[in-house]
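Below: one structure, written as structure tokens.
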Amino acid sequence: MSSHTKSFKVPFWAQILAGLVLGVLLGWLARSQDVSWLVTTLEKVGDTFIGLLKLAVAPLVFFAILVSITNLRKVNNAARLASRTLLWFMITSLIAVSIGLIIGLVTNPGAGTGLTPKDGAKPESTGSWIDFLTGIIPTDVITPFTQLNVLQIVFMAAVAGIAALQLGEKAQPILTLSESVLSLLQKALWWVIRLAPIGTIGLIGYAIATYGWDLIGKYATFTADIYVGCLIVLFGVYPTLLATVAKVNPIQFFKGAWPAIQLAFVSRSSVGTMPLTQKVTERLGVPKEYASFAVPFGATTKMDGCAAIYPAIAAIFVAQIFDIQLGVGDYLLIAFVSVVGSAATAGLTGATVMLTLTLSTLGLPMEGVGLLLAIDPILDMIRTATNVAGQALIPVLVSAREKLLDRDAYATADGSSLDDPFDTEPRDKAEPVPATA
């Protein structure tokens with residue numbers, strides 16, 4: 001009976017796809033027929049799903065970073081692995097921002113939109129290098145958790161992790177507790193992730209019902225630029241690096257990483273997807289001790305979509321709307337901000353902080369942010385999917401280069417069978433399959 005039932009189980013990716021289709025249909029119905037209660041319902045469903053993801057973000061980030069740093073003691077050449085990871089983060093970010101700049105310069109996304117500077121509005125809060133640097137260090141230990149300041153949480157977790165390494169055996173009880181809490185959070189978050197198909201209906205449906213296709217039409221070139229740029233990185237740059245640097249089959253990477261990529265597309269949260277990203281990365285043959293460092297580190301700092309492609313094209317878009325000419329120096333500044341300042345995005349939905357940081361560095365009007373906020377949810381889906389793919393890619397590259405990658409595990413990784421990645425029960429205790437049909 002159990003094997004018969006299991007054979008009819010709908011794969012998770014198919015559930016997500018069904019949610020996308022149903023969300024689009026319901027959103028179109030709500031907008032075309034002006035069904036206000038349906039719009040409200042879709043909004044509440046989507047907000048509830050994102051709220052549940054965010055509920056776990058603060059403690060998840062803290063314990064994941066703390067445990068990941070202390071896990072490095074189990075890895076040979078930990079400093080070398082950490083430096084290589086950071087180096088590849090920077091290399092891929094530089095490639096991504098270069099692609100974004102080329103696309104923006106070729107397509108002129110701000111031309112012919114009908115938008116004017118009057119259509120923009122200054123955001124309530126903006127990012128600057130001073131705010132970014134001074135905002136890393138918290139003034140107390142409570143506020144970062146209540147206000148969900150991920151950068152400050154990362155700072156405290158890093159300090160705690162390094163201190164634990166220095167203390168050695170004295171810190172072992174804290175480390176054991178931290179690992180248990182992290183496992184608990186990951187298990188609870190998986191229950192939220194299983195609600196993703198329902199959350200998808202609300203998020204996509206509300207976006208269509210609220211913004212409709214007219215808005216996308218007005219931003220058609222800009223929207224296409226972001227999607228094309230992300231897709232080039234996803235299915236052009238990443239496979240090339242896998243084939244040439246890691247010398248592995250790129251198609252196999254996407255087979256293994258697809259559950260995390262599709263969840264990122266729906267949830268628009270790198271941090272919310274982080275536990276699943278780590279599990280698929282481990283299934284791709286990356287050693288657990290290294291993956292538990294590289295993936296949390298990447299989920300808060302590695303943002304090829306939000307911090308490289310998007311701000312590059314957005315800066316060109318805003319400059320064209322405000323009729324400001326950008327020079328070679330400005331483009332170099334965009335590349336610098338993308339490579340160095342990507343931690344400002346903090347792995348949450350939206351890339352407003354990174355955009356304001358870029359605009360302020362270039363001296364562009366902050367009203368440009370207001371021009372892009374309406375279209376942001378639609379863009380954030382592909383941006384986050386690109387982010388998460390990159391967060392899984394780099395550990396594979398580094399592991400392969402350092403000869404740590406389990407190539408047999410990589411060759412057999414199959415994301416479609418990922419039912420509960422946080423199930424720690426031994427598989428041999430499962431119900432035996434009958435010998436005969």
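Residues in the structure tokens are numbered from 1 in each chain, the chains being A, B, ... in the order shown, and ligands are numbered from 1 in the order shown.
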
**Residue set, stretch 18-141 of chain A restricted to alpha helix (DSSP H), as a count of residues only** = 87

**Message:** I need the residue nearest A:Ala400 from this list: A:Gln252, A:Thr244, A:Gln15, A:Ser178. Use only C-alpha atoms for the distance.
**Reply:** A:Thr244

**Request:** May I ask which of the residues A:Leu94, A:Ala164, A:Leu185, A:Ala385 is the closest one to A:Leu333, counting only C-alpha atoms?
**Result:** A:Leu94

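Rounded to one decimal, atom CA of A:Gln186 and atom CA of A:Pro275 lie 6.2 Å from each other.
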
**Message:** Between atom CA of A:Ser68 and atom CA of A:Ser292, what is the distance in Å, rounded to a tenth?
**Reply:** 5.0 Å

**Asked** Do you know which residues are at most 7 Å from A:Val57 counting only C-alpha atoms, after dropping those on the same chain fewer than 4 positions away, and could you put them as a PyMOL selection string?
**Response** chain A and resi 53+61+271-272

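Of the residues under consideration (A:Ser267, A:Gln262, A:Asn149, A:Thr70), A:Asn149 shows the shortest atom-to-atom contact distance to A:Ile136 when counting only C-alpha atoms.
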
**Prompt:** Which residues come within 6 Å of A:Ile309, counting only C-alpha atoms, excluding same-chain residues fewer than 5 positions away, as a count of residues only?
**Reply:** 3

**Selection near A:Val141, 12 Å with only C-alpha atoms, sequence-local residues under 2 positions removed, as a ChimeraX atom specification** = /A:58,62,137-139,143-149,152-157,160

**Message:** When you count only C-alpha atoms, which of these residues is closest to A:Asn387: A:Ile50, A:Leu263, A:Ile316, A:Leu87?
**Reply:** A:Leu263

List every residue of stretch 324-395 of chain A that has an atom at most 9 Å from any atom of stretch 225-242 of chain A, giving for each one its closest atom pair and the distance in Å to one decimal, counting only C-alpha atoms, sorted by chain and then by ascending residue number, as a Markdown table.
```
| residue | atom | partner | partner_atom | distance |
| --- | --- | --- | --- | --- |
| A:Leu379 | CA | A:Ile226 | CA | 7.0 |
| A:Ile382 | CA | A:Tyr227 | CA | 6.4 |
| A:Arg383 | CA | A:Cys230 | CA | 6.6 |
| A:Ala385 | CA | A:Leu234 | CA | 8.6 |
| A:Thr386 | CA | A:Leu234 | CA | 6.0 |
| A:Ala389 | CA | A:Leu234 | CA | 7.2 |
| A:Gly390 | CA | A:Tyr238 | CA | 7.6 |
| A:Leu393 | CA | A:Tyr238 | CA | 7.3 |
```

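Using only C-alpha atoms, the nearest neighbour of A:Ala294 within the list A:Val39, A:Ala307, A:Ile394, A:Ala111 is A:Ile394.
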
**Message:** Given only C-alpha atoms as the basis, pick out the residue of A:Met366, A:Ile69, A:Ala413, A:Ala171 nearest to A:Ala158.
**Reply:** A:Ile69

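Here atom CA of A:Arg407 is placed at a distance of 8.0 Å from atom CA of A:Leu284.
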